[in-house]
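Chemist: mmCIF, C-alpha atoms, file input-v9.cif:
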```cif
data_final
loop_
_atom_site.label_atom_id
_atom_site.label_comp_id
_atom_site.auth_asym_id
_atom_site.auth_seq_id
_atom_site.Cartn_x
_atom_site.Cartn_y
_atom_site.Cartn_z
CA MET A 12 0.00 0.00 0.00
CA GLY A 13 1.20 3.49 -0.76
CA PHE A 14 1.38 5.77 2.18
CA LEU A 15 -1.74 7.60 1.07
CA SER A 16 -3.85 4.69 -0.21
CA SER A 17 -5.50 4.31 3.21
CA ILE A 18 -7.41 7.44 2.24
CA ASP A 19 -8.76 5.48 -0.74
CA ILE A 20 -10.47 3.04 1.62
CA SER A 21 -12.56 5.85 3.11
CA GLY A 22 -13.09 7.23 -0.40
CA SER A 23 -14.56 3.94 -1.57
CA ALA A 24 -16.98 3.99 1.37
CA LEU A 25 -18.06 7.53 0.49
CA THR A 26 -18.78 6.44 -3.07
CA ALA A 27 -20.76 3.41 -1.90
CA GLN A 28 -22.85 5.42 0.58
CA ARG A 29 -23.58 8.08 -2.03
CA LEU A 30 -24.83 5.39 -4.42
CA ARG A 31 -26.96 3.94 -1.62
CA MET A 32 -28.36 7.44 -1.09
CA ASP A 33 -29.28 7.64 -4.77
CA VAL A 34 -31.18 4.36 -4.55
CA ILE A 35 -33.02 5.44 -1.39
CA SER A 36 -33.97 8.76 -3.01
CA ALA A 37 -35.26 6.90 -6.06
CA ASN A 38 -37.35 4.66 -3.81
CA ILE A 39 -38.87 7.61 -1.98
CA ALA A 40 -39.54 9.48 -5.22
CA ASN A 41 -41.25 6.46 -6.79
CA ALA A 42 -43.28 5.44 -3.75
CA GLU A 43 -46.53 5.93 -5.65
CA THR A 44 -45.40 5.18 -9.18
CA VAL A 45 -47.36 2.81 -11.34
CA ASP A 46 -46.47 2.23 -14.97
CA PRO A 47 -49.24 3.99 -16.96
CA VAL A 48 -49.21 1.42 -19.77
CA THR A 49 -48.93 -1.95 -18.05
CA GLY A 50 -50.11 -1.07 -14.56
CA GLU A 51 -46.93 -2.60 -13.11
CA PRO A 52 -45.99 -0.82 -9.88
CA TYR A 53 -42.45 0.32 -9.05
CA ARG A 54 -40.52 -2.32 -7.20
CA ARG A 55 -38.33 -1.17 -4.31
CA ARG A 56 -34.60 -1.44 -4.93
CA VAL A 57 -31.95 -2.32 -2.37
CA VAL A 58 -28.20 -1.90 -2.53
CA GLU A 59 -25.92 -4.83 -1.73
CA LEU A 60 -22.55 -3.85 -0.29
CA SER A 61 -19.54 -6.13 -0.36
CA GLU A 62 -15.91 -5.86 0.64
CA ARG A 63 -13.51 -4.72 -2.03
CA LYS A 64 -10.29 -6.66 -1.99
CA SER A 65 -6.95 -5.85 -3.51
CA PHE A 66 -3.88 -8.01 -3.68
CA SER A 67 -0.95 -6.79 -1.67
CA ALA A 68 2.34 -7.90 -3.20
CA GLU A 69 4.30 -7.28 0.01
CA LEU A 70 2.14 -9.39 2.29
CA ASN A 71 1.30 -11.87 -0.50
CA GLN A 72 -2.34 -11.97 0.48
CA ALA A 73 -5.58 -10.23 -0.32
CA MET A 74 -6.03 -6.98 1.57
CA SER A 75 -9.20 -5.11 2.18
CA ALA A 76 -9.43 -2.03 -0.02
CA GLY A 77 -12.73 -0.73 1.28
CA VAL A 78 -16.28 -1.38 0.21
CA LYS A 79 -18.06 -1.55 -3.10
CA VAL A 80 -21.62 -1.89 -4.27
CA SER A 81 -21.78 -5.43 -5.64
CA ARG A 82 -25.24 -5.10 -7.13
CA ILE A 83 -28.59 -3.36 -6.87
CA VAL A 84 -31.34 -5.92 -6.31
CA GLU A 85 -35.08 -5.55 -6.39
CA ASP A 86 -36.95 -6.23 -3.21
CA ALA A 87 -39.02 -9.36 -3.75
CA SER A 88 -41.64 -8.65 -1.09
CA ASP A 89 -45.29 -8.37 -2.04
CA PHE A 90 -46.82 -5.26 -3.47
CA GLU A 91 -49.21 -3.21 -1.39
CA LEU A 92 -52.86 -3.58 -2.27
CA ILE A 93 -54.95 -0.42 -2.21
CA TYR A 94 -58.70 -0.57 -2.63
CA ASP A 95 -59.56 1.60 -5.62
CA PRO A 96 -62.24 0.04 -7.86
CA ASP A 97 -62.41 3.06 -10.17
CA SER A 98 -58.81 2.74 -11.29
CA PRO A 99 -58.21 1.23 -14.76
CA PHE A 100 -55.70 -1.19 -13.19
CA ALA A 101 -58.04 -2.55 -10.54
CA ASP A 102 -58.28 -6.33 -10.41
CA ALA A 103 -61.44 -8.39 -9.95
CA ASN A 104 -61.86 -7.39 -6.28
CA GLY A 105 -61.16 -3.68 -6.90
CA TYR A 106 -57.64 -3.70 -5.53
CA VAL A 107 -54.77 -1.86 -7.21
CA ARG A 108 -51.17 -2.95 -6.65
CA MET A 109 -48.95 -0.11 -5.38
CA PRO A 110 -45.17 -0.10 -4.90
CA ASN A 111 -43.77 -1.99 -1.94
CA VAL A 112 -41.95 1.09 -0.64
CA ASP A 113 -42.40 1.87 3.05
CA GLU A 114 -41.57 5.57 3.46
CA VAL A 115 -40.68 5.23 7.13
CA GLU A 116 -38.19 2.47 6.42
CA GLU A 117 -36.67 4.49 3.59
CA LEU A 118 -36.25 7.55 5.82
CA ILE A 119 -34.49 5.43 8.43
CA ASP A 120 -32.18 4.06 5.72
CA LEU A 121 -31.58 7.64 4.63
CA ILE A 122 -30.46 8.63 8.14
CA SER A 123 -28.26 5.54 8.31
CA ALA A 124 -26.59 6.37 4.99
CA THR A 125 -26.01 9.97 6.08
CA ARG A 126 -24.43 8.96 9.37
CA SER A 127 -22.30 6.36 7.61
CA TYR A 128 -21.09 9.02 5.16
CA GLU A 129 -20.20 11.35 8.03
CA ALA A 130 -18.38 8.61 9.92
CA ASN A 131 -16.26 7.86 6.85
CA VAL A 132 -15.42 11.53 6.39
CA THR A 133 -14.27 11.61 10.03
CA ALA A 134 -12.07 8.56 9.44
CA LEU A 135 -10.61 10.19 6.33
CA ASN A 136 -9.80 13.39 8.21
CA ALA A 137 -8.16 11.40 10.99
CA THR A 138 -5.96 9.55 8.48
CA LYS A 139 -4.98 12.81 6.81
CA SER A 140 -4.11 14.54 10.07
CA MET A 141 -2.08 11.48 11.10
CA ALA A 142 -0.07 11.76 7.89
CA LEU A 143 0.47 15.49 8.40
CA LYS A 144 1.50 14.95 12.01
CA ALA A 145 4.43 12.89 10.79
CA LEU A 146 5.79 16.04 9.18
CA GLU A 147 6.27 17.49 12.63
CA ILE A 148 9.04 15.03 13.41
CA ARG A 149 11.94 17.31 14.05
CA GLY A 150 15.22 16.30 12.44
CA MET B 21 27.56 13.75 14.05
CA SER B 22 26.85 15.09 10.57
CA VAL B 23 27.61 11.76 8.89
CA GLU B 24 25.06 9.99 11.09
CA SER B 25 22.41 12.60 10.33
CA ILE B 26 22.98 12.14 6.60
CA LYS B 27 22.58 8.37 6.94
CA GLY B 28 19.39 8.91 8.90
CA VAL B 29 18.00 11.22 6.24
CA MET B 30 18.96 8.85 3.46
CA SER B 31 17.42 5.80 5.12
CA SER B 32 14.16 7.60 5.81
CA ALA B 33 14.07 8.97 2.28
CA GLN B 34 14.79 5.49 0.96
CA ALA B 35 11.90 4.10 3.01
CA PHE B 36 9.69 6.80 1.52
CA SER B 37 10.69 5.87 -2.02
CA GLN B 38 10.20 2.17 -1.32
CA THR B 39 6.65 2.66 -0.10
CA GLN B 40 5.87 4.14 -3.50
CA GLY B 41 6.27 0.58 -4.81
CA ALA B 42 9.32 1.43 -6.90
CA THR B 43 9.65 -1.66 -9.07
CA GLN B 44 13.25 -1.08 -10.04
CA LYS B 45 15.91 -1.05 -7.37
CA SER B 46 16.56 2.64 -6.88
CA GLN B 47 20.08 3.67 -6.08
CA ALA B 48 20.64 5.37 -2.80
CA ASN B 49 21.70 8.80 -3.89
CA PHE B 50 19.98 12.08 -3.29
CA SER B 51 19.06 12.84 -6.88
CA ASN B 52 17.15 9.55 -7.39
CA ILE B 53 15.23 9.73 -4.14
CA LEU B 54 14.30 13.36 -4.55
CA SER B 55 13.30 12.89 -8.19
CA GLU B 56 11.07 9.95 -7.25
CA ALA B 57 9.37 12.11 -4.65
CA ILE B 58 8.88 14.84 -7.23
CA ASP B 59 7.47 12.28 -9.69
CA TYR B 60 4.96 11.21 -7.06
CA VAL B 61 3.94 14.82 -6.55
CA LYS B 62 3.52 15.25 -10.31
CA GLN B 63 1.37 12.11 -10.47
CA THR B 64 -0.91 13.13 -7.62
CA GLU B 65 -1.22 16.66 -9.02
CA ALA B 66 -2.22 15.25 -12.43
CA GLU B 67 -4.83 13.01 -10.78
CA ALA B 68 -6.20 15.94 -8.81
CA ALA B 69 -6.51 18.07 -11.95
CA LYS B 70 -8.23 15.21 -13.80
CA ALA B 71 -10.69 14.59 -10.95
CA ASN B 72 -11.44 18.30 -10.72
CA ALA B 73 -12.11 18.52 -14.47
CA ALA B 74 -14.36 15.45 -14.34
CA LEU B 75 -16.35 17.01 -11.51
CA LEU B 76 -16.77 20.35 -13.29
CA THR B 77 -17.81 18.86 -16.63
CA GLY B 78 -20.37 16.67 -14.89
CA GLU B 79 -18.64 13.45 -15.91
CA SER B 80 -18.16 12.41 -12.28
CA THR B 81 -21.06 12.56 -9.86
CA ASP B 82 -18.99 12.25 -6.67
CA LEU B 83 -17.91 15.40 -4.88
CA HIS B 84 -15.52 13.57 -2.66
CA THR B 85 -13.21 12.09 -5.32
CA ALA B 86 -12.00 15.53 -6.43
CA LEU B 87 -11.48 16.64 -2.83
CA ILE B 88 -9.63 13.46 -1.88
CA ALA B 89 -7.33 13.78 -4.92
CA ALA B 90 -6.59 17.41 -4.01
CA GLN B 91 -5.81 16.39 -0.42
CA LYS B 92 -3.43 13.67 -1.58
CA ALA B 93 -1.59 16.15 -3.79
CA GLU B 94 -1.29 18.58 -0.90
CA ILE B 95 0.14 15.93 1.43
CA ALA B 96 2.57 14.74 -1.26
CA ILE B 97 3.86 18.28 -1.77
CA SER B 98 4.32 18.82 1.97
CA TYR B 99 6.29 15.60 2.24
CA THR B 100 8.52 16.45 -0.72
CA VAL B 101 9.27 19.90 0.65
CA GLU B 102 10.15 18.41 4.04
CA ILE B 103 12.46 15.84 2.48
CA ARG B 104 14.18 18.58 0.48
CA ASN B 105 14.63 20.63 3.65
CA ARG B 106 16.19 17.75 5.57
CA VAL B 107 18.50 16.85 2.73
CA LEU B 108 19.64 20.45 2.39
CA GLU B 109 20.15 20.69 6.15
CA ALA B 110 22.34 17.59 6.13
CA TYR B 111 24.29 18.94 3.16
CA ASN B 112 24.83 22.27 4.87
CA ASN B 113 26.04 20.45 7.96
CA ILE B 114 28.81 18.92 5.93
CA MET B 115 29.69 22.09 4.04
CA ASN B 116 30.02 24.02 7.28
CA MET B 117 32.64 21.67 8.62
CA GLN B 118 35.95 23.28 9.20
CA VAL B 119 38.55 21.65 7.04
#
```
Mind turning this structure into C-alpha cells?
Modeler:
Amino acid sequence: MGFLSSIDISGSALTAQRLRMDVISANIANAETVDPVTGEPYRRRVVELSERKSFSAELNQAMSAGVKVSRIVEDASDFELIYDPDSPFADANGYVRMPNVDEVEELIDLISATRSYEANVTALNATKSMALKALEIRG
Amino acid sequence: MSVESIKGVMSSAQAFSQTQGATQKSQANFSNILSEAIDYVKQTEAEAAKANAALLTGESTDLHTALIAAQKAEIAISYTVEIRNRVLEAYNNIMNMQV
C-alpha cells in the first residue's frame, strides 16, 4: 500500500454510501409510481454492499481495499394492495397494486446512509491529520 | 555527528521511495530519491486536476473524489518539501565543517 492509499479506503466507502443514497432517493420518489401502460408498480430497490479486496504484493495476500456496491437488487416482497375500484388497473376485487416502498423504512435508511457518510469523512480526516503529524518530526 | 544525520535522512528517504512501490531497485543517492518524490507529486497533481475537471464537466457525480485527490496532492507536496529541507540541512552540515 502506498502511504496515502489508506485514504482510498474511506473514499470507496463515500462512493458506496452516495450510491446507496441515490437508490433510497429513487425509492422515496417512486413510492406511488405505477407504470401507466402496463399497470406494473415500481418495485423497491436495495443496494448490496460487499468488501472490495486488492492483492498486496508485500504481504502476498488479499487486503481489504474498502467497500463496493456489488449489485442493486429488487426487493421481492409483495406489493401493497390499495382498494380503488375506479382505477383502470383494478383487479377483480377492486384492488390496485402499489409499490412496496415503506416511506418510514426508507427515511431510516436515509439517516443511516447519512451517518455512515459522516463517519467515513471523520475517518478520512483522521488519516490525513495522522499523515500530516508525521511532518512534525523534528530532524 | 553530521555523517550519522545524513545516513538517517537517506534511510528515511529510501523508506519513503520504497513505499511508492518502486519496481526497479533505486540507487541510494539524493538525486534519485528526490526525483522519485517529485514524480509522485507530479502524479498526484495530475490526478487531482483530472478529478477536478471530471467534476466540473459533470462526468463524475462524486464530490468527494476531487477533494480526496486534491488532499493527496497537498500531502505529497508537503512531504517532498520536508524531504528537500532535511536533505539540504544535512548537506549544509557537511559544508560548514571546518577543514
Chemist: For this file, the PyMOL selection byres ((chain A and resi 51-53) around 8) selects which residues, as a list in words?
Modeler: Asn41, Ala42, Glu43, Thr44, Val45, Asp46, Pro47, Thr49, Gly50, Arg54, Arg55, Phe90, Arg108, Met109, Pro110 and Asn111 of chain A
Chemist: Under the PyMOL selection byres ((chain A) within 12 of (chain B)), which residues of this model are included? Write them out as a PyMOL selection string.
Modeler: chain A and resi 12-30+32-33+67-69+128-129+131-132+135-136+138-150
Chemist: To one decimal in Å, tell me the separation between atom CA of Arg56 of chain A and atom CA of Ile119 of chain A.
Modeler: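 So the answer is 15.0 Å.
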Chemist: In Å, rounded to a single decimal, give me how far atom CA of Ile58 of chain B is from atom CA of Ser80 of chain B.
Modeler: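 We find that atom CA of Ser80 of chain B and atom CA of Ile58 of chain B lie 27.6 Å from each other.
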Chemist: Rounded to one decimal, what separation in Å do you get between atom CA of Ser75 of chain A and atom CA of Arg63 of chain A?
Modeler: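 Computing it gives 6.0 Å between the two atoms.
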